[in-house]
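This report concerns only the one structure given below.
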Amino acid sequence: MSVIISEPDDDRVPPAVVASVFYSASVSDSLALVVAEMVAGRAGVTWANTGAVELLGYGVDDMRALPVDHLFPSLGGGELKLLLRRERSARMTLPVRTASGAMVQSVVTTTPSPGGRMWTIRIVSTTNEQERALRATADAHERRFSTLTERSPVPTLLSEQGMRLAHVNDAFCSLVGRRAEQLLGTGWIDTVHDEDLEAVIEQVSAALDGEEAEIQARLVREDGGIRTTVIRFAHVFTPGVGAGFVGTIEDITDRLAFEAKLAHQANHDPLTGLPNRTLLAQYVADRFTPGTGGLACLFLDLDNFKVVNDSLGHTAGDELLTEVAARLGSVVRPGDLVARFGGDEFVVVCENVDQAAAVALAERISVELARPVRLGGVDVRPYASVGVTVQTEEHSFAEELIRDCDIAMYQAKAGGKGRITVLDQRAREQARDKLRLVAELRDAIERRDITLLYQPIFSTADGRPVAVESLARWTHPERGPLSPAVFVPLAEESGLIAGLGLLVLDETCRQLAEWDRLMGAAAPPRANVNVSALQLDGNLPSQVAAALERHGLHPSRISIEITESALMKDPDAARELLHQLRDQGVELAIDDFGTGYSSLAYLRHLPVNCLKVDRSFVAELAHGHTEIASAVIALARNLNLSTVAEGVETAEQAAELARLGATYLQGFSLSQPMTGPRTAVWFASQGESTP
Amino acid sequence: MTVTPFPARAEAAPQFDLEKVLSSIDTMAAQRPVAAQIVSVANSDDTSAKVLSRILASDVALASRVMKLANSAYFGMRGRVTSLQFAVTVVGFTTVRTMATVALTELDDESRLPENFWDVTTSLALACSSLAPRFGERPQDALCIGLLAQMGTALLHHNDAEGYAELMAEHHDFTTRRTAELRRYGINSLRLTAVALEQWGFPHSMTSRLNQVDDFTSMEGALLRGAFEVAARLTTEDYDTVPIVRLTCGQLREDDLVPVLDAVRADADELRRAMLGD
């Protein structure tokens, strides 16, 4: 603080005012004033006010005799001159000696009088001084802060200036594994990962500028370990000092690791550790650019995996899958993706390959997989069927690639096991065509667009029609009539057979009921309904019963036709099923008899009523081969079963079959399949023409 | 027998008027009004980086030094500081004030300084800053004390170049040199610094440290004593080291000095460039 010295202007300040000011100064006890004068080269006190007397404790008279240097013992040598300057005021903080000899730390301000021989000295004890108070407050704040953070589990930084730190707490030290001394100042910068440092400085800048800032940054421990953290910076302003920041650190390493583990689990197969179907789809999608090439997918399906699982147990099955995964990983190129698609299916995705390279890889995989694996003491060779697809311009979406190699794999499997098939353009088109057809078939079944025709079956005894066989027909809106030989296998492959079977069963029953209503006794006595191998499950008897009940029919009005090969898939289950149906009173016939490999001993135990002689044996009759037809018919007769000869196309065949002892005949030459109404008319006319 | 009498002390003593020395500072201030203004406002409680940078902007040389210092390794900002206002924030108000004081007292003109002045000063300042936490001091304030501590030396040299050079040549050790200063000028350089800084309103908490240096029992002076020892070890040839334990009231051991010496050596050049603007 400086005081501007000016000549007292007697003209302007009336003596009364001067006297008033002097009086107030002299009696003030809050203001310590001393006047000193230079006498004979030595400064001595000549006057002191009440405040000075009180502060310093000298008597007024003692005061007047006091040398100034006695008051300021710290000013040795010529230093008193620093305080008592002739041309300007001076200010010093120094101890002042009181009467008792005690020192009072004070701010001393001196103002020389115009003559330069006299000074007014103002003494302000710093005990209550603002600066000290402020500093004490600031110190207290800082102490409070360090006490607060010292034991806090939250790693905390307090800046000093810029990036420089004044404090770090124990939690931060242990987070980075260093001592506080190593971290204070700019030392902590070394703990920030090189790649994150720029961004951290940027956030510190923002915090110093008054913003709240937050950043994810890696901290490098003394031992080289890396912790991923979120650092939050808050702005701190200290008056008279400047801006700083408080940083709090959250260690998110474990949380991230846990999240990564969860993400990994969501995208990986726990058994083999391979990417799963979700990740595969994402991986392919990320790399798929329509209209380009170079991306290839290999779809592998282990042949006979079910056998391993069923015979050696699931643990062995799991072991096999793990081994296959390991082998795949070892044989693919670096950068190729191996994923477990599901069950025993794996997909390999390669980039920048042509078809030849993809096939070469498929071959390498097949060879590698074919090495024996020892499972439960047995050597198993895990052959695989491999479908290969290389991206073409035809592929518009990533998922088409995977779908195509899946199709190729099925084709490989259909062609025999352990094969590699490349899905070429034609095959792809066929596959797409098939997919479309499946969708249309599904719609047709739902809308009951599948219609039934009925072909009469005749008794050889009297030539009268005794039954009809229901035959499903599908007239495609664009392709026209489609053969059951086309759409029935399609329905079987695509899981539509249950719906189709139910439709045929229900519609047949409905039609029988309608005929009964219209024709009474002249209605066809029985209808034969075909059942696919895939319908042979526990639901069939109840479905049949429900259909009969729905339309109020006696069970004997229905004969279920099951192919010989369907029965042989799971003979025990089939036999059980047939018994249930037979117990319901439903008739049973074995279709296409003679084309399968049924054991005759087994046949004997099946509760069937009828064998249907396959049309191929009937056709042979025309060439003079009667052996098989004759044998089947004889067999049936010996087992006390009736026979239906199918595919009778000529009168000669009919005559021959009658001669061989066939019970019933069915064929174009006798009657073509007809619609329900047409069948009614036909049966009515048969009734009229027969006596 | 002829006796050559000792020269009488009165004859040898130079005409040295302490008051004149102090007055010369006022003259300097008048020549650098921007720096003087910064010195007077920097420590006021209502000062802001905005106010300071606005004043600072009119002294291009000083402003560029503040920018340079803000971007120096010492503050760790790696060239991020591009605005003057932000530079003031980064280095802190006390440092800005210190730099203004340096400019004001022409400490930036090496031709007018005692030999080796800035080598010692930068070492002193960085040593103060590095050691400060060990003494419960703010490193930033300590840096500033270190930067300004030798101002008294410069003032003495300025007023008595020849005599002061002689004195320096004779006394390599800072402590004995201060004793010689007191004998020759009636005041030692640190005390002179303290008086001048107090004159300009630097807080007593800063200046009192300067007064306590030569009291070996004073903890308050221990930081600067230790820093002077570091500076001496780094800048004085054939220096006879003094045990640091003794200088710092047992606060430091020799082992503690090793990283400090390294840090000071590493940053000294850059700090010197920032302070001198070259």
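Naming works like this for the structure tokens: A, B, ... for the chains as they're shown, residue 1 at the start of each chain, ligands 1 onward in shown order.
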Task: Near-range 573-587 of chain A list (9 Å; only C-alpha atoms; drop same-chain fewer than 5 positions) as a PyMOL selection string - done: chain A and resi 528+536-538+540-542+544-545+554-561+566-568+605-610
Can you spit out the residues from that selection as a short mmCIF file (atom, residue, chain, number, x, y, z; two decimals), in the first residue's frame, using C-alpha atoms?
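Output file part-v3.cif follows:
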data_model
loop_
_atom_site.label_atom_id
_atom_site.label_comp_id
_atom_site.auth_asym_id
_atom_site.auth_seq_id
_atom_site.Cartn_x
_atom_site.Cartn_y
_atom_site.Cartn_z
CA ASN A 528 -58.04 -94.97 -47.93
CA LEU A 536 -46.03 -91.67 -37.56
CA ASP A 537 -45.87 -90.30 -34.09
CA GLY A 538 -47.95 -90.53 -30.95
CA LEU A 540 -51.65 -89.83 -35.16
CA PRO A 541 -54.23 -92.03 -33.37
CA SER A 542 -55.78 -89.07 -31.62
CA VAL A 544 -57.59 -89.83 -36.66
CA ALA A 545 -60.07 -90.26 -33.85
CA HIS A 554 -67.43 -94.99 -37.87
CA PRO A 555 -63.70 -95.87 -37.71
CA SER A 556 -64.15 -98.69 -40.20
CA ARG A 557 -64.88 -96.08 -42.90
CA ILE A 558 -61.21 -95.18 -42.94
CA SER A 559 -58.21 -97.21 -44.00
CA ILE A 560 -54.80 -95.74 -43.21
CA GLU A 561 -52.14 -96.50 -45.83
CA ALA A 566 -42.03 -95.71 -43.27
CA LEU A 567 -42.84 -98.65 -41.03
CA MET A 568 -39.28 -99.90 -41.14
CA HIS A 605 -46.84 -109.20 -35.96
CA LEU A 606 -48.25 -106.05 -37.55
CA PRO A 607 -52.01 -105.62 -37.06
CA VAL A 608 -52.66 -104.70 -40.72
CA ASN A 609 -55.63 -105.71 -42.86
CA CYS A 610 -54.27 -105.25 -46.30
#
Set the cut-off to 9 Å and count only C-alpha atoms: what are the residues of chain A that reach chain B? Output as a tab-separated table (two decimals) with N, CA and C atoms, in the first residue's frame.
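result_14.tsv, written as the output of this step:
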chain	number	residue	atom	x	y	z
A	1	MET	N	0.85	-1.19	0.00
A	1	MET	CA	0.00	0.00	0.00
A	1	MET	C	0.88	1.24	0.00
A	2	SER	N	0.65	2.12	-0.90
A	2	SER	CA	1.45	3.34	-0.91
A	2	SER	C	0.57	4.55	-0.61
A	76	GLY	N	18.49	-4.65	11.48
A	76	GLY	CA	19.87	-4.44	11.93
A	76	GLY	C	20.60	-3.53	10.95
A	77	GLY	N	21.79	-3.15	11.31
A	77	GLY	CA	22.66	-2.39	10.42
A	77	GLY	C	21.97	-1.12	9.95
A	78	GLY	N	22.04	-0.91	8.67
A	78	GLY	CA	21.46	0.31	8.12
A	78	GLY	C	20.04	0.11	7.64
A	79	GLU	N	19.43	-0.99	8.08
A	79	GLU	CA	18.14	-1.32	7.49
A	79	GLU	C	16.99	-0.43	7.91
A	81	LYS	N	16.84	2.48	7.48
A	81	LYS	CA	16.64	3.39	6.34
A	81	LYS	C	15.60	2.87	5.36
A	82	LEU	N	15.47	1.51	5.32
A	82	LEU	CA	14.49	0.91	4.40
A	82	LEU	C	13.08	1.27	4.83
A	85	ARG	N	12.03	6.10	4.84
A	85	ARG	CA	12.57	6.64	3.59
A	85	ARG	C	12.12	8.08	3.42
A	86	ARG	N	13.01	8.88	2.81
A	86	ARG	CA	12.72	10.30	2.78
A	86	ARG	C	11.70	10.68	1.71
A	87	GLU	N	11.73	9.95	0.58
A	87	GLU	CA	10.90	10.42	-0.54
A	87	GLU	C	9.58	9.68	-0.72
A	88	ARG	N	9.46	8.58	-0.05
A	88	ARG	CA	8.22	7.85	-0.27
A	88	ARG	C	7.86	7.03	0.95
A	90	ALA	N	6.84	3.64	2.96
A	90	ALA	CA	7.35	2.26	2.89
A	90	ALA	C	6.44	1.37	3.71
A	91	ARG	N	6.48	0.12	3.36
A	91	ARG	CA	5.65	-0.82	4.09
A	91	ARG	C	6.44	-2.09	4.34
A	92	MET	N	6.43	-2.59	5.53
A	92	MET	CA	7.16	-3.82	5.83
A	92	MET	C	6.35	-4.64	6.81
A	93	THR	N	6.52	-5.91	6.70
A	93	THR	CA	5.92	-6.77	7.71
A	93	THR	C	7.07	-7.23	8.60
A	94	LEU	N	7.01	-6.91	9.85
A	94	LEU	CA	8.13	-7.25	10.72
A	94	LEU	C	7.69	-7.27	12.17
A	131	GLU	N	-5.00	-10.84	5.48
A	131	GLU	CA	-4.21	-11.79	4.68
A	131	GLU	C	-4.02	-13.11	5.44
A	132	ARG	N	-3.69	-12.93	6.71
A	132	ARG	CA	-3.47	-14.13	7.52
A	132	ARG	C	-4.76	-14.94	7.61
A	135	ARG	N	-5.31	-16.64	4.40
A	135	ARG	CA	-4.40	-17.75	4.20
A	135	ARG	C	-4.78	-18.92	5.10
A	160	GLU	N	-2.24	-28.23	-8.94
A	160	GLU	CA	-1.57	-27.07	-8.39
A	160	GLU	C	-1.63	-25.99	-9.46
A	161	GLN	N	-1.04	-26.26	-10.62
A	161	GLN	CA	-1.14	-25.36	-11.77
A	161	GLN	C	-1.07	-26.23	-13.02
A	162	GLY	N	-1.84	-25.88	-14.04
A	162	GLY	CA	-1.76	-26.64	-15.29
A	162	GLY	C	-2.00	-28.10	-15.02
A	163	MET	N	-1.13	-28.94	-15.58
A	163	MET	CA	-1.25	-30.37	-15.35
A	163	MET	C	-0.57	-30.77	-14.03
A	164	ARG	N	0.01	-29.82	-13.37
A	164	ARG	CA	0.78	-30.14	-12.16
A	164	ARG	C	-0.13	-30.45	-10.99
A	166	ALA	N	-0.79	-30.98	-6.87
A	166	ALA	CA	-0.33	-30.63	-5.53
A	166	ALA	C	-0.60	-31.77	-4.55
A	181	GLU	N	5.32	-39.04	-3.95
A	181	GLU	CA	6.39	-38.16	-4.43
A	181	GLU	C	6.65	-38.35	-5.92
A	184	LEU	N	3.49	-36.27	-7.72
A	184	LEU	CA	3.23	-34.84	-7.60
A	184	LEU	C	3.92	-34.07	-8.73
A	185	GLY	N	3.51	-32.82	-8.90
A	185	GLY	CA	4.05	-32.05	-10.02
A	185	GLY	C	3.55	-32.69	-11.30
A	186	THR	N	4.46	-32.92	-12.24
A	186	THR	CA	4.03	-33.52	-13.51
A	186	THR	C	4.29	-35.02	-13.54
A	189	ILE	N	1.85	-37.63	-14.99
A	189	ILE	CA	1.63	-37.70	-16.44
A	189	ILE	C	2.19	-39.02	-16.98
A	198	GLU	N	-2.88	-37.13	-24.87
A	198	GLU	CA	-3.37	-35.93	-25.56
A	198	GLU	C	-4.79	-35.59	-25.10
A	201	ILE	N	-4.95	-34.28	-21.53
A	201	ILE	CA	-4.54	-32.87	-21.44
A	201	ILE	C	-5.67	-31.96	-21.93
A	202	GLU	N	-6.32	-32.43	-22.98
A	202	GLU	CA	-7.42	-31.63	-23.52
A	202	GLU	C	-8.53	-31.45	-22.46
A	204	VAL	N	-8.12	-31.68	-19.20
A	204	VAL	CA	-7.60	-30.82	-18.13
A	204	VAL	C	-7.74	-29.36	-18.56
A	205	SER	N	-7.42	-29.09	-19.81
A	205	SER	CA	-7.57	-27.72	-20.34
A	205	SER	C	-8.99	-27.25	-20.15
A	208	LEU	N	-9.62	-26.54	-16.51
A	208	LEU	CA	-8.98	-25.29	-16.07
A	208	LEU	C	-9.75	-24.09	-16.60
A	209	ASP	N	-10.40	-24.30	-17.72
A	209	ASP	CA	-11.17	-23.23	-18.35
A	209	ASP	C	-12.57	-23.10	-17.74
A	238	THR	N	-9.19	-20.57	-7.00
A	238	THR	CA	-8.75	-20.00	-5.73
A	238	THR	C	-8.47	-18.53	-5.98
A	239	PRO	N	-9.19	-17.64	-5.29
A	239	PRO	CA	-8.99	-16.21	-5.53
A	239	PRO	C	-7.53	-15.83	-5.29
A	240	GLY	N	-7.00	-15.04	-6.18
A	240	GLY	CA	-5.64	-14.56	-6.04
A	240	GLY	C	-4.59	-15.56	-6.49
A	241	VAL	N	-4.98	-16.79	-6.72
A	241	VAL	CA	-4.01	-17.81	-7.15
A	241	VAL	C	-4.30	-18.23	-8.58
A	242	GLY	N	-5.54	-18.59	-8.85
A	242	GLY	CA	-5.89	-18.98	-10.20
A	242	GLY	C	-6.72	-20.24	-10.22
A	243	ALA	N	-6.73	-20.87	-11.40
A	243	ALA	CA	-7.61	-22.00	-11.61
A	243	ALA	C	-6.87	-23.31	-11.43
A	244	GLY	N	-7.58	-24.31	-10.99
A	244	GLY	CA	-7.01	-25.65	-10.89
A	244	GLY	C	-8.12	-26.66	-11.12
Open item on the list: For a quick check of understanding, using only C-alpha atoms, which of A:Leu518, A:Ala651, A:Ile123, A:Ile226 has the smallest distance to Asp254 in chain A?
Closed with: A:Ile226
Open item on the list: I need the residues in range 212-281 of chain A that are alpha helix (DSSP H) according to DSSP; give them as a VMD selection string.
Closed with: chain A and resid 253 to 267 277 to 281
Gln37 in chain B surroundings by only C-alpha atoms, 10 Å radius, close-in-sequence under 6 positions cut, as a PDB file with C-alpha atoms, in the first residue's frame:
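Ended up saving to selection-v8.pdb:
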ATOM      1  CA  ALA B  29       8.639   0.498 -12.918  1.00  0.00           C
ATOM      2  CA  LEU B  52      -4.626 -10.274 -16.345  1.00  0.00           C
ATOM      3  CA  ILE B  55      -3.296  -6.211 -19.442  1.00  0.00           C
ATOM      4  CA  LEU B  56      -0.611  -8.679 -20.428  1.00  0.00           C
ATOM      5  CA  ARG B  97       3.226 -11.517 -11.355  1.00  0.00           C
ATOM      6  CA  ALA B 100       6.179  -9.155 -14.630  1.00  0.00           C
TER       7      ALA B 100
END
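The space between CA of Ile402 in chain A and CA of Ala285 in chain A spans 10.4 Å.
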- [ ] Skip Tyr454 in chain A itself and residues of its chain fewer than 5 positions away, then list as a PyMOL selection string all residues within 8 Å of it, counting only C-alpha atoms.
- [x] chain A and resi 468-471+673-676+679
Would you export the selected residues with C-alpha atoms as a compact mmCIF listing (two decimals), in the first residue's frame, please?
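Saved the output as result-v1.txt:
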# COMPACT_ATOMS: atom_id res chain seq x y z
CA VAL A 468 -61.77 -95.00 -52.78
CA GLU A 469 -58.23 -93.80 -52.20
CA SER A 470 -57.86 -90.10 -51.38
CA LEU A 471 -55.20 -88.50 -53.54
CA PRO A 673 -59.33 -90.35 -59.80
CA MET A 674 -62.31 -87.95 -59.60
CA THR A 675 -63.45 -84.97 -57.60
CA GLY A 676 -65.78 -85.51 -54.66
CA THR A 679 -67.20 -89.53 -57.40
TODO: Would you kindly return, as a list of chain:residue names, each protein, DNA or RNA residue with an atom no farther than 9 Å from any atom of Phe135 in chain B, considering only C-alpha atoms and excluding same-chain residues fewer than 6 positions away?
DONE: B:Met219, B:Glu220, B:Ala222, B:Leu223, B:Gln251
